[in-house]
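A.B. asks: Below you'll find model-v4.cif; it's mmCIF, C-alpha atoms.
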data_target
loop_
_atom_site.label_atom_id
_atom_site.label_comp_id
_atom_site.auth_asym_id
_atom_site.auth_seq_id
_atom_site.Cartn_x
_atom_site.Cartn_y
_atom_site.Cartn_z
CA MET F 1 -74.41 -111.83 2.79
CA MET F 2 -75.04 -111.43 6.51
CA LYS F 3 -71.88 -111.86 8.56
CA ARG F 4 -71.67 -114.42 11.31
CA LYS F 5 -71.89 -112.95 14.80
CA ALA F 6 -68.83 -113.16 17.04
CA LEU F 7 -70.29 -115.70 19.48
CA GLU F 8 -72.90 -117.27 17.23
CA GLY F 9 -73.27 -120.97 18.00
CA LEU F 10 -72.40 -120.68 21.68
CA LYS F 11 -75.22 -121.69 23.99
CA VAL F 12 -75.34 -120.19 27.46
CA LEU F 13 -77.63 -121.08 30.36
CA GLU F 14 -77.91 -118.27 32.89
CA MET F 15 -78.88 -119.36 36.40
CA GLY F 16 -78.28 -116.12 38.22
CA GLN F 17 -80.06 -112.99 39.29
CA LEU F 18 -79.54 -109.30 39.94
CA ILE F 19 -76.22 -108.01 38.61
CA ALA F 20 -72.97 -109.97 38.29
CA GLY F 21 -74.16 -113.20 36.64
CA PRO F 22 -76.79 -111.60 34.40
CA SER F 23 -74.35 -108.85 33.33
CA ALA F 24 -71.90 -111.49 32.15
CA ALA F 25 -74.63 -113.34 30.26
CA ARG F 26 -75.75 -110.06 28.65
CA LEU F 27 -72.34 -109.65 27.02
CA PHE F 28 -72.64 -113.11 25.49
CA ALA F 29 -76.14 -112.28 24.24
CA GLU F 30 -75.06 -108.98 22.68
CA PHE F 31 -72.48 -110.76 20.53
CA GLY F 32 -74.69 -113.53 19.23
CA ALA F 33 -74.67 -116.35 21.76
CA GLU F 34 -78.02 -117.93 22.55
CA VAL F 35 -78.60 -117.05 26.20
CA ILE F 36 -81.38 -118.84 28.07
CA LYS F 37 -82.13 -117.18 31.38
CA VAL F 38 -83.65 -119.34 34.13
CA GLU F 39 -86.01 -117.46 36.45
CA ASN F 40 -88.19 -118.36 39.40
CA PRO F 41 -91.71 -118.98 38.04
CA LYS F 42 -93.39 -116.78 40.67
CA ASN F 43 -91.48 -113.52 40.59
CA GLY F 44 -88.55 -113.87 38.21
CA ASP F 45 -85.28 -112.01 38.66
CA PRO F 46 -85.67 -109.36 41.41
CA ILE F 47 -84.09 -106.78 39.09
CA ARG F 48 -87.38 -106.78 37.17
CA ASN F 49 -88.67 -104.61 40.01
CA TRP F 50 -85.61 -102.53 40.94
CA ARG F 51 -85.46 -98.72 40.79
CA ILE F 52 -87.79 -97.09 38.22
CA VAL F 53 -90.67 -99.43 37.32
CA GLU F 54 -92.92 -98.83 34.31
CA ASN F 55 -95.89 -101.10 33.47
CA GLY F 56 -94.73 -103.58 36.12
CA THR F 57 -91.16 -103.91 34.86
CA SER F 58 -87.98 -102.07 35.81
CA LEU F 59 -86.39 -99.90 33.14
CA TRP F 60 -83.08 -101.46 34.22
CA TRP F 61 -84.40 -104.82 33.00
CA TYR F 62 -84.22 -103.66 29.37
CA VAL F 63 -80.48 -103.07 29.74
CA GLN F 64 -79.67 -106.21 31.70
CA ALA F 65 -81.81 -108.74 29.83
CA ARG F 66 -81.66 -107.66 26.21
CA ASN F 67 -81.26 -110.40 23.60
CA LYS F 68 -81.93 -113.11 26.21
CA LYS F 69 -84.59 -115.80 26.28
CA SER F 70 -86.48 -116.34 29.54
CA ILE F 71 -87.63 -119.67 30.87
CA THR F 72 -89.01 -120.42 34.31
CA LEU F 73 -87.98 -123.27 36.58
CA ASP F 74 -88.36 -123.92 40.28
CA LEU F 75 -84.84 -125.17 40.98
CA ARG F 76 -85.82 -126.35 44.47
CA GLN F 77 -88.10 -129.02 43.00
CA PRO F 78 -86.80 -132.33 41.60
CA GLU F 79 -88.61 -131.73 38.30
CA GLY F 80 -86.89 -128.36 37.92
CA GLN F 81 -83.53 -129.92 38.68
CA GLU F 82 -84.16 -132.64 36.11
CA MET F 83 -84.83 -129.95 33.52
CA VAL F 84 -81.44 -128.38 34.29
CA HIS F 85 -79.83 -131.80 33.79
CA ARG F 86 -81.39 -131.97 30.36
CA LEU F 87 -80.45 -128.40 29.48
CA ALA F 88 -76.86 -129.06 30.61
CA GLU F 89 -76.59 -131.56 27.76
CA GLU F 90 -77.51 -128.84 25.27
CA VAL F 91 -75.40 -125.84 26.36
CA ASP F 92 -71.74 -124.85 26.29
CA ILE F 93 -71.66 -122.58 29.33
CA ILE F 94 -73.64 -122.22 32.55
CA ILE F 95 -73.35 -118.94 34.45
CA GLU F 96 -74.50 -118.93 38.09
CA ASN F 97 -74.13 -116.65 41.10
CA PHE F 98 -75.72 -118.57 43.95
CA ARG F 99 -73.98 -118.96 47.30
CA PRO F 100 -71.41 -121.81 47.11
CA GLY F 101 -72.96 -125.18 47.89
CA THR F 102 -76.49 -124.20 46.86
CA LEU F 103 -76.43 -125.86 43.45
CA GLU F 104 -74.74 -128.94 44.93
CA LYS F 105 -77.59 -129.21 47.44
CA TRP F 106 -80.02 -129.20 44.51
CA GLY F 107 -78.04 -131.79 42.55
CA ILE F 108 -77.02 -129.36 39.81
CA GLY F 109 -73.48 -128.38 40.86
CA TYR F 110 -70.53 -128.50 38.49
CA GLU F 111 -69.27 -131.95 39.48
CA GLN F 112 -72.77 -133.33 39.05
CA LEU F 113 -73.45 -131.69 35.70
CA LYS F 114 -70.08 -132.43 34.11
CA LYS F 115 -70.92 -136.15 34.39
CA ILE F 116 -73.79 -135.38 32.03
CA ASN F 117 -71.72 -133.12 29.76
CA PRO F 118 -67.90 -133.31 30.14
CA ARG F 119 -67.55 -130.34 27.77
CA LEU F 120 -69.60 -128.10 30.05
CA ILE F 121 -68.05 -124.85 31.27
CA MET F 122 -69.57 -123.52 34.48
CA VAL F 123 -68.89 -119.93 35.48
CA ARG F 124 -69.44 -119.44 39.21
CA ILE F 125 -69.60 -115.93 40.65
CA SER F 126 -69.80 -115.54 44.43
CA GLY F 127 -68.75 -113.18 47.18
CA TYR F 128 -65.69 -115.11 48.35
CA GLY F 129 -65.14 -117.94 45.87
CA GLN F 130 -65.90 -121.64 45.95
CA ASP F 131 -63.44 -122.50 48.74
CA GLY F 132 -61.65 -120.85 51.66
CA PRO F 133 -62.88 -120.03 55.16
CA TYR F 134 -65.38 -117.38 53.96
CA ARG F 135 -66.99 -119.41 51.15
CA ASP F 136 -70.29 -119.90 53.01
CA LYS F 137 -70.76 -116.25 53.92
CA PRO F 138 -73.32 -114.29 51.89
CA GLY F 139 -71.59 -111.74 49.68
CA PHE F 140 -72.79 -108.86 47.53
CA GLY F 141 -70.83 -106.52 45.28
CA SER F 142 -70.79 -103.85 47.99
CA ILE F 143 -69.04 -106.27 50.37
CA GLY F 144 -66.59 -107.23 47.63
CA GLU F 145 -65.79 -103.55 47.07
CA ALA F 146 -65.16 -103.12 50.80
CA MET F 147 -63.05 -106.25 51.27
CA GLY F 148 -61.25 -105.79 47.96
CA GLY F 149 -59.85 -102.42 49.04
CA LEU F 150 -61.87 -100.07 46.83
CA ARG F 151 -64.15 -98.56 49.48
CA TYR F 152 -61.16 -97.76 51.70
CA LEU F 153 -59.83 -95.47 48.98
CA THR F 154 -63.09 -93.86 47.91
CA GLY F 155 -63.97 -90.44 49.30
CA TYR F 156 -62.15 -87.76 51.27
CA PRO F 157 -59.67 -88.38 54.11
CA ASP F 158 -61.75 -86.50 56.69
CA ARG F 159 -64.99 -88.35 55.91
CA PRO F 160 -66.20 -91.98 56.01
CA PRO F 161 -65.52 -94.18 52.95
CA THR F 162 -68.18 -93.91 50.27
CA ARG F 163 -69.37 -95.99 47.33
CA VAL F 164 -68.52 -95.27 43.73
CA GLY F 165 -72.17 -94.66 42.75
CA ILE F 166 -72.81 -97.83 40.76
CA SER F 167 -72.43 -101.56 41.48
CA ILE F 168 -68.84 -101.53 40.26
CA GLY F 169 -67.81 -104.72 42.12
CA ASP F 170 -70.49 -106.74 40.35
CA SER F 171 -69.61 -105.21 36.98
CA ILE F 172 -65.90 -105.96 37.32
CA SER F 173 -66.71 -109.54 38.30
CA SER F 174 -68.99 -109.94 35.29
CA LEU F 175 -66.11 -108.96 33.00
CA TYR F 176 -63.80 -111.54 34.60
CA ALA F 177 -66.59 -114.10 34.23
CA VAL F 178 -66.77 -113.50 30.49
CA ILE F 179 -62.99 -113.47 30.10
CA GLY F 180 -62.68 -116.72 32.07
CA ALA F 181 -65.47 -118.39 30.10
CA LEU F 182 -63.91 -117.47 26.75
CA MET F 183 -60.52 -118.72 27.93
CA ALA F 184 -62.19 -122.01 28.82
CA VAL F 185 -63.91 -122.13 25.41
CA TYR F 186 -60.56 -121.52 23.70
CA ASN F 187 -58.95 -124.34 25.68
CA ARG F 188 -61.81 -126.69 24.91
CA ASP F 189 -62.47 -125.88 21.26
CA ILE F 190 -59.42 -124.18 19.74
CA ALA F 191 -56.67 -125.90 21.75
CA LYS F 192 -58.86 -129.00 21.34
CA SER F 193 -58.68 -130.33 24.88
CA GLY F 194 -62.36 -131.19 24.46
CA GLU F 195 -62.89 -130.66 28.17
CA GLY F 196 -64.96 -128.16 30.09
CA GLN F 197 -63.97 -126.64 33.40
CA CYS F 198 -65.13 -124.50 36.31
CA VAL F 199 -64.43 -120.76 36.25
CA ASP F 200 -64.40 -119.47 39.84
CA VAL F 201 -64.90 -115.68 40.14
CA ALA F 202 -64.94 -114.08 43.60
CA LEU F 203 -66.30 -110.55 43.93
CA TYR F 204 -63.63 -109.41 46.40
CA GLU F 205 -60.81 -110.83 44.23
CA SER F 206 -62.15 -109.10 41.13
CA VAL F 207 -62.08 -105.76 42.94
CA PHE F 208 -58.69 -106.47 44.54
CA SER F 209 -57.17 -107.15 41.12
CA PHE F 210 -57.93 -103.51 40.17
CA MET F 211 -56.05 -102.04 43.12
CA GLU F 212 -52.99 -101.07 41.09
CA SER F 213 -49.75 -100.89 43.13
CA MET F 214 -51.31 -101.02 46.60
CA LEU F 215 -49.91 -104.42 47.52
CA PRO F 216 -46.25 -104.03 46.49
CA GLU F 217 -46.20 -100.52 47.98
CA TYR F 218 -47.35 -101.93 51.30
CA GLY F 219 -45.26 -105.09 51.20
CA HIS F 220 -42.01 -103.36 50.19
CA ALA F 221 -42.35 -99.84 51.60
CA GLY F 222 -45.00 -100.19 54.31
CA VAL F 223 -47.18 -97.60 52.55
CA ILE F 224 -50.95 -97.81 53.11
CA ARG F 225 -52.71 -95.83 50.41
CA GLU F 226 -55.42 -93.61 51.89
CA ARG F 227 -58.44 -91.67 50.65
CA THR F 228 -57.42 -88.51 48.83
CA GLY F 229 -60.66 -87.15 47.40
CA SER F 230 -60.31 -85.89 43.83
CA THR F 231 -56.52 -86.00 43.68
CA LEU F 232 -54.40 -88.80 42.24
CA PRO F 233 -51.56 -89.31 44.75
CA GLY F 234 -48.08 -89.33 43.27
CA ILE F 235 -49.31 -88.20 39.84
CA THR F 236 -49.04 -84.43 39.36
CA PRO F 237 -50.92 -82.48 38.22
CA SER F 238 -54.07 -84.57 38.02
CA ASN F 239 -57.11 -83.19 39.79
CA THR F 240 -60.56 -81.64 39.56
CA TYR F 241 -60.75 -77.86 39.39
CA MET F 242 -63.60 -75.37 39.72
CA CYS F 243 -64.40 -72.98 36.88
CA LYS F 244 -65.86 -69.46 36.96
CA ASP F 245 -69.40 -70.74 36.24
CA GLY F 246 -69.31 -73.15 39.21
CA LYS F 247 -68.76 -76.22 37.02
CA PHE F 248 -65.78 -78.54 37.33
CA VAL F 249 -63.07 -79.65 34.94
CA VAL F 250 -60.81 -82.69 35.28
CA ILE F 251 -57.27 -82.04 34.07
CA GLY F 252 -54.59 -84.70 33.66
CA ALA F 253 -51.28 -83.02 32.82
CA ASN F 254 -48.82 -85.38 34.48
CA GLY F 255 -46.76 -86.04 31.35
CA ASP F 256 -43.70 -83.82 31.18
CA GLY F 257 -44.49 -82.33 27.77
CA ILE F 258 -48.18 -81.95 28.59
CA PHE F 259 -47.28 -80.17 31.83
CA LYS F 260 -45.22 -77.62 29.94
CA ARG F 261 -48.05 -76.93 27.50
CA LEU F 262 -50.46 -76.49 30.41
CA MET F 263 -48.20 -73.98 32.14
CA VAL F 264 -47.85 -71.91 28.95
CA THR F 265 -51.64 -72.03 28.45
CA ILE F 266 -52.42 -70.78 31.97
CA GLY F 267 -49.91 -67.95 31.70
CA LEU F 268 -47.03 -69.43 33.70
CA PRO F 269 -44.36 -70.17 31.05
CA GLU F 270 -41.64 -69.80 33.69
CA PHE F 271 -43.04 -72.89 35.45
CA ALA F 272 -42.59 -74.94 32.26
CA ASP F 273 -38.80 -74.84 32.60
CA ASP F 274 -38.55 -74.59 36.38
CA PRO F 275 -36.30 -77.41 37.76
CA ARG F 276 -38.84 -77.95 40.58
CA PHE F 277 -41.33 -79.27 38.03
CA GLU F 278 -39.10 -81.12 35.55
CA SER F 279 -40.45 -84.59 36.39
CA ASN F 280 -43.51 -86.16 37.91
CA LYS F 281 -41.54 -86.95 41.08
CA THR F 282 -40.39 -83.36 41.62
CA ARG F 283 -43.82 -81.96 40.68
CA THR F 284 -45.46 -84.20 43.25
CA ASP F 285 -43.36 -82.49 45.94
CA HIS F 286 -45.11 -79.25 44.94
CA ALA F 287 -48.56 -80.62 44.10
CA GLU F 288 -50.42 -78.21 46.40
CA LEU F 289 -48.76 -75.16 44.81
CA LEU F 290 -49.47 -76.37 41.28
CA ASP F 291 -53.11 -77.18 42.03
CA LYS F 292 -53.59 -73.71 43.47
CA LYS F 293 -52.11 -72.04 40.40
CA ILE F 294 -54.15 -74.15 38.01
CA GLU F 295 -57.40 -73.47 39.85
CA ASN F 296 -56.68 -69.76 39.96
CA TRP F 297 -56.72 -69.95 36.17
CA THR F 298 -59.78 -72.21 35.79
CA LYS F 299 -61.76 -69.95 38.17
CA SER F 300 -61.16 -67.04 35.83
CA LEU F 301 -62.96 -68.73 32.92
CA ASP F 302 -66.23 -70.55 32.29
CA LEU F 303 -65.97 -74.30 31.67
CA PRO F 304 -66.48 -74.16 27.86
CA GLU F 305 -63.62 -71.67 27.50
CA VAL F 306 -61.35 -73.74 29.75
CA LEU F 307 -62.01 -76.83 27.63
CA GLU F 308 -61.49 -74.93 24.39
CA LYS F 309 -58.09 -73.59 25.46
CA LEU F 310 -56.91 -76.96 26.86
CA ASP F 311 -58.06 -78.84 23.76
CA LYS F 312 -56.16 -76.38 21.58
CA ALA F 313 -53.04 -76.90 23.70
CA GLY F 314 -53.35 -80.69 23.62
CA VAL F 315 -53.88 -81.02 27.37
CA PRO F 316 -56.20 -83.88 28.44
CA ALA F 317 -59.27 -82.34 30.08
CA GLY F 318 -62.97 -83.02 30.40
CA SER F 319 -66.08 -81.91 32.18
CA ILE F 320 -67.89 -84.16 34.65
CA TYR F 321 -70.93 -85.47 32.78
CA SER F 322 -74.38 -86.04 34.19
CA ILE F 323 -76.59 -88.47 32.28
CA GLU F 324 -78.18 -85.44 30.59
CA ASP F 325 -74.75 -84.35 29.37
CA ILE F 326 -74.06 -87.86 28.10
CA VAL F 327 -77.30 -88.06 26.10
CA ASN F 328 -76.63 -84.68 24.46
CA ASP F 329 -72.97 -85.31 23.68
CA ALA F 330 -72.10 -85.50 19.98
CA HIS F 331 -69.32 -88.04 20.50
CA TYR F 332 -71.56 -90.46 22.40
CA GLN F 333 -74.08 -90.17 19.57
CA ALA F 334 -71.50 -90.61 16.82
CA ARG F 335 -70.14 -93.76 18.48
CA GLY F 336 -73.58 -95.34 18.76
CA MET F 337 -73.61 -95.35 22.54
CA ILE F 338 -77.13 -93.86 22.85
CA LYS F 339 -79.55 -96.37 21.36
CA GLU F 340 -83.33 -96.38 21.19
CA ILE F 341 -85.34 -99.58 21.42
CA GLU F 342 -89.06 -100.14 21.19
CA VAL F 343 -90.66 -101.55 24.34
CA GLU F 344 -94.29 -102.61 24.39
CA GLY F 345 -96.33 -100.38 26.68
CA ILE F 346 -93.56 -97.79 26.91
CA GLY F 347 -92.61 -96.88 23.37
CA LYS F 348 -89.09 -95.73 22.59
CA LEU F 349 -86.59 -96.29 25.39
CA MET F 350 -82.99 -95.07 25.46
CA VAL F 351 -80.43 -97.72 26.43
CA PRO F 352 -76.62 -97.86 26.32
CA GLY F 353 -74.95 -99.12 23.16
CA VAL F 354 -72.82 -102.25 22.98
CA VAL F 355 -69.18 -102.39 24.14
CA PRO F 356 -66.62 -103.25 22.78
CA LYS F 357 -66.76 -102.28 19.09
CA LEU F 358 -65.77 -105.12 16.77
CA SER F 359 -65.07 -104.15 13.16
CA GLU F 360 -66.21 -107.39 11.51
CA THR F 361 -68.60 -109.02 13.98
CA PRO F 362 -70.12 -106.19 16.04
CA GLY F 363 -72.56 -106.81 18.83
CA GLU F 364 -76.09 -105.49 18.58
CA ILE F 365 -79.36 -105.12 20.44
CA GLU F 366 -81.86 -107.44 18.79
CA TRP F 367 -84.74 -107.23 21.25
CA ALA F 368 -85.63 -105.78 24.64
CA GLY F 369 -85.62 -107.99 27.73
CA PRO F 370 -88.11 -110.88 27.60
CA GLU F 371 -91.33 -111.28 29.52
CA LEU F 372 -91.06 -113.74 32.42
CA GLY F 373 -91.17 -117.25 30.94
CA GLN F 374 -91.65 -115.91 27.41
CA HIS F 375 -89.61 -118.75 25.91
CA ASP F 376 -90.79 -121.63 28.09
CA GLU F 377 -92.63 -123.45 25.35
CA GLU F 378 -90.00 -122.72 22.67
CA ILE F 379 -87.19 -124.18 24.78
CA PHE F 380 -89.11 -127.06 26.35
CA LEU F 381 -90.94 -128.12 23.19
CA GLN F 382 -88.22 -127.57 20.59
CA LYS F 383 -84.98 -128.18 22.48
CA LEU F 384 -86.02 -130.71 25.11
CA LYS F 385 -88.82 -132.28 23.04
CA LEU F 386 -91.36 -132.23 25.87
CA THR F 387 -94.97 -132.88 24.96
CA GLU F 388 -97.81 -130.41 25.45
CA GLU F 389 -99.11 -132.69 28.21
CA GLN F 390 -95.77 -132.66 30.03
CA ILE F 391 -95.63 -128.85 29.88
CA LYS F 392 -99.19 -128.63 31.17
CA LEU F 393 -98.26 -130.85 34.12
CA LEU F 394 -95.18 -128.73 34.91
CA LYS F 395 -97.38 -125.63 34.95
CA GLU F 396 -99.91 -127.26 37.26
CA LYS F 397 -97.14 -128.26 39.70
CA GLY F 398 -95.69 -124.74 39.68
CA ILE F 399 -92.38 -125.97 38.26
CA ILE F 400 -92.70 -123.45 35.42
CA ARG F 401 -94.81 -120.33 35.13
CA ASN F 402 -98.55 -120.81 34.74
CA LYS F 403 -99.58 -117.54 33.13
CA ASP F 404 -103.18 -118.61 32.61
CA ARG F 405 -103.61 -119.33 36.32
CA GLU F 406 -102.04 -115.96 37.21
CA GLU F 407 -104.43 -114.11 34.92
CA LYS F 408 -107.45 -115.91 36.39
CA THR F 409 -106.26 -115.06 39.91
CA VAL F 410 -105.93 -111.38 38.97
CA LYS F 411 -109.43 -111.31 37.44
CA ASN F 412 -110.98 -112.92 40.53
#
Let me see whether you can do it: turn the structure in this file into structure tokens.
C.D. replies:
Amino acid sequence: MMKRKALEGLKVLEMGQLIAGPSAARLFAEFGAEVIKVENPKNGDPIRNWRIVENGTSLWWYVQARNKKSITLDLRQPEGQEMVHRLAEEVDIIIENFRPGTLEKWGIGYEQLKKINPRLIMVRISGYGQDGPYRDKPGFGSIGEAMGGLRYLTGYPDRPPTRVGISIGDSISSLYAVIGALMAVYNRDIAKSGEGQCVDVALYESVFSFMESMLPEYGHAGVIRERTGSTLPGITPSNTYMCKDGKFVVIGANGDGIFKRLMVTIGLPEFADDPRFESNKTRTDHAELLDKKIENWTKSLDLPEVLEKLDKAGVPAGSIYSIEDIVNDAHYQARGMIKEIEVEGIGKLMVPGVVPKLSETPGEIEWAGPELGQHDEEIFLQKLKLTEEQIKLLKEKGIIRNKDREEKTVKN
């Protein structure tokens, strides 16, 4: 007997584009929710054309849009807005990441839609949140990372702040969006309030919430944490060290017992019982000395030998993986994190596996990202009970995608 999927039965309408909103909706789709993605009928989500494009579609698309259904609607037109009203009756959750006030201008904001469906949960992701003096400013994940405090800490003290390398602000916000939505579902369905609500996720707040002890350290002690490169201030030893072969190893030996094992392993047993290094606080006073000693040892050995000795001693250590290293790693493979899907016109495509791992109702990749408007007729005919004539009229008005017209235009 096939087990029920974790989120089976939940219906999600995604009215977002690029990263934060669609990433949140992807998590719902991976665990069994029906996710209907609304796209502009002309060009669709811009991420369809970001970075590496193959056969007219970005390879990123097949990560971001897997398991989703795609419909097209021009939300600026009254007919498109009316379709959202009708869809709002059918779904549990709407996820959107437009600038605050945009959906209200189109008549499809939360207050307007909850009159149609009081059980509706709307997840709203924006740069600065739905209120406050900055609400109307445009905001991207990069701005959220800067304002949230992350960029200030990223890089080396003698160089300008740098980015992490991925859109981490958007990704953090997408996780809060999912958490908030599931809290709202619990309140509505399990606690039986029967009521929906608005989940307001601001990019800068999502990033700020990850800033550890920065705020109390500043408020109580006047400490402003600064960029420190590869070191972890106040936690010793924890750093990145060069090996003989020019590769790098990350070592975290800040636990007292772990530190002693590390010192014995690198040939400094006298340091293991030295009062200067008996606690993290005292070790931090001598961080520069310890880092120098550790790197003297790592530079005498190639990376594989360093890792072998540290693993044997029970000292947390790891190499810095490129994507090539990740693909070839036995642990990634054993955990199902390197998946292959079949994509028409491309063949087999490697994509990341699903996170987190659930023992009884695991998520899965059921299909690659949909073609633009692939599910227009399924959703409009079956769910909204439109007639063929009504769909034809919507296509002619440009409210939904008119694929036949596009193909004729290309031929001419």
A.B. asks: Restricting the calculation to all atoms listed in the file: of F:Asn55, F:Arg405, F:Gly9, F:Ser230, which residue gets closest to F:Gly347?
C.D. replies: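 With all atoms listed in the file as the atom set, the closest residue is F:Asn55.
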A.B. asks: Find the distance between atom CA of F:Glu396 and atom CA of F:Phe98 and write it in Å to one decimal.
C.D. replies: 26.6 Å
A.B. asks: For stretch 82-93 of chain F, list every protein, DNA or RNA residue within 9 Å, evaluated using all atoms listed in the file, and leave out those in the same chain fewer than 5 positions away; present the list as a list of chain:residue names.
C.D. replies: F:Leu10, F:Lys11, F:Val12, F:Leu13, F:Glu14, F:Leu73, F:Leu75, F:Gln77, F:Gly107, F:Ile108, F:Gln112, F:Leu113, F:Lys114, F:Ile116, F:Asn117, F:Arg119, F:Leu120, F:Ile121, F:Met122, F:Val123, F:Ala181, F:Val185, F:Gly196, F:Phe380, F:Lys383, F:Leu384
A.B. asks: Export C-alpha atoms of the chosen residues as a compact mmCIF listing (two decimals), keeping the file's coordinate frame?
C.D. replies:
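This is the output file out.txt:
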# COMPACT_ATOMS: atom_id res chain seq x y z
CA LEU F 10 -72.40 -120.68 21.68
CA LYS F 11 -75.22 -121.69 23.99
CA VAL F 12 -75.34 -120.19 27.46
CA LEU F 13 -77.63 -121.08 30.36
CA GLU F 14 -77.91 -118.27 32.89
CA LEU F 73 -87.98 -123.27 36.58
CA LEU F 75 -84.84 -125.17 40.98
CA GLN F 77 -88.10 -129.02 43.00
CA GLY F 107 -78.04 -131.79 42.55
CA ILE F 108 -77.02 -129.36 39.81
CA GLN F 112 -72.77 -133.33 39.05
CA LEU F 113 -73.45 -131.69 35.70
CA LYS F 114 -70.08 -132.43 34.11
CA ILE F 116 -73.79 -135.38 32.03
CA ASN F 117 -71.72 -133.12 29.76
CA ARG F 119 -67.55 -130.34 27.77
CA LEU F 120 -69.60 -128.10 30.05
CA ILE F 121 -68.05 -124.85 31.27
CA MET F 122 -69.57 -123.52 34.48
CA VAL F 123 -68.89 -119.93 35.48
CA ALA F 181 -65.47 -118.39 30.10
CA VAL F 185 -63.91 -122.13 25.41
CA GLY F 196 -64.96 -128.16 30.09
CA PHE F 380 -89.11 -127.06 26.35
CA LYS F 383 -84.98 -128.18 22.48
CA LEU F 384 -86.02 -130.71 25.11
A.B. asks: Spell out the residues picked by the PyMOL selection byres ((chain F and resi 39) around 8) here, as a list of chain:residue names.
C.D. replies: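 Taken over the shown coordinates, the PyMOL selection byres ((chain F and resi 39) around 8) returns F:Met15, F:Gln17, F:Lys37, F:Val38, F:Asn40, F:Pro41, F:Asn43, F:Gly44, F:Asp45, F:Ser70, F:Ile71, F:Thr72, F:Leu73, F:Asp74, F:Leu372, F:Gly373.
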A.B. asks: At a cut-off of 12 Å around the point (-52.5, -78.6, 22.9) (file coordinates), what residues fall inside when counting only C-alpha atoms? I'd like the answer as an mmCIF file with C-alpha atoms, keeping the file's coordinate frame.
C.D. replies:
data_model
loop_
_atom_site.group_PDB
_atom_site.id
_atom_site.type_symbol
_atom_site.label_atom_id
_atom_site.label_comp_id
_atom_site.auth_asym_id
_atom_site.auth_seq_id
_atom_site.Cartn_x
_atom_site.Cartn_y
_atom_site.Cartn_z
ATOM 1 C CA ALA F 253 -51.280 -83.020 32.820
ATOM 2 C CA GLY F 257 -44.490 -82.330 27.770
ATOM 3 C CA ILE F 258 -48.180 -81.950 28.590
ATOM 4 C CA PHE F 259 -47.280 -80.170 31.830
ATOM 5 C CA LYS F 260 -45.220 -77.620 29.940
ATOM 6 C CA ARG F 261 -48.050 -76.930 27.500
ATOM 7 C CA LEU F 262 -50.460 -76.490 30.410
ATOM 8 C CA MET F 263 -48.200 -73.980 32.140
ATOM 9 C CA VAL F 264 -47.850 -71.910 28.950
ATOM 10 C CA THR F 265 -51.640 -72.030 28.450
ATOM 11 C CA ILE F 266 -52.420 -70.780 31.970
ATOM 12 C CA LEU F 307 -62.010 -76.830 27.630
ATOM 13 C CA GLU F 308 -61.490 -74.930 24.390
ATOM 14 C CA LYS F 309 -58.090 -73.590 25.460
ATOM 15 C CA LEU F 310 -56.910 -76.960 26.860
ATOM 16 C CA ASP F 311 -58.060 -78.840 23.760
ATOM 17 C CA LYS F 312 -56.160 -76.380 21.580
ATOM 18 C CA ALA F 313 -53.040 -76.900 23.700
ATOM 19 C CA GLY F 314 -53.350 -80.690 23.620
ATOM 20 C CA VAL F 315 -53.880 -81.020 27.370
ATOM 21 C CA PRO F 316 -56.200 -83.880 28.440
ATOM 22 C CA ALA F 317 -59.270 -82.340 30.080
#
A.B. asks: Point out the residue among F:Gly255, F:Pro237, F:Pro157, F:Gly16 with the least atom-to-atom distance to F:Lys292, counting all atoms listed in the file.
C.D. replies: F:Pro237
A.B. asks: Given all atoms listed in the file as the basis, pick out the residue of F:Val355, F:Val249, F:Ile166, F:Ile235 nearest to F:Ala287.
C.D. replies: F:Ile235
A.B. asks: Tell me which protein, DNA and RNA residues are within 8 Å of F:Ile365, counting all atoms listed in the file, leaving out same-chain ones fewer than 2 positions away, and put them as a PDB file with C-alpha atoms, keeping the file's coordinate frame.
C.D. replies:
ATOM      1  CA  GLU F  30     -75.060-108.980  22.680  1.00  0.00           C
ATOM      2  CA  ARG F  66     -81.660-107.660  26.210  1.00  0.00           C
ATOM      3  CA  ASN F  67     -81.260-110.400  23.600  1.00  0.00           C
ATOM      4  CA  GLY F 353     -74.950 -99.120  23.160  1.00  0.00           C
ATOM      5  CA  VAL F 354     -72.820-102.250  22.980  1.00  0.00           C
ATOM      6  CA  GLY F 363     -72.560-106.810  18.830  1.00  0.00           C
ATOM      7  CA  TRP F 367     -84.740-107.230  21.250  1.00  0.00           C
ATOM      8  CA  ALA F 368     -85.630-105.780  24.640  1.00  0.00           C
TER       9      ALA F 368
END
A.B. asks: For a cut-off of 8 Å around (-94.8, -123.0, 41.1), file coordinates, pick out all residues using all atoms listed in the file and list them as an MDAnalysis selection string.
C.D. replies: chainID F and resid 41:42 74 395:402
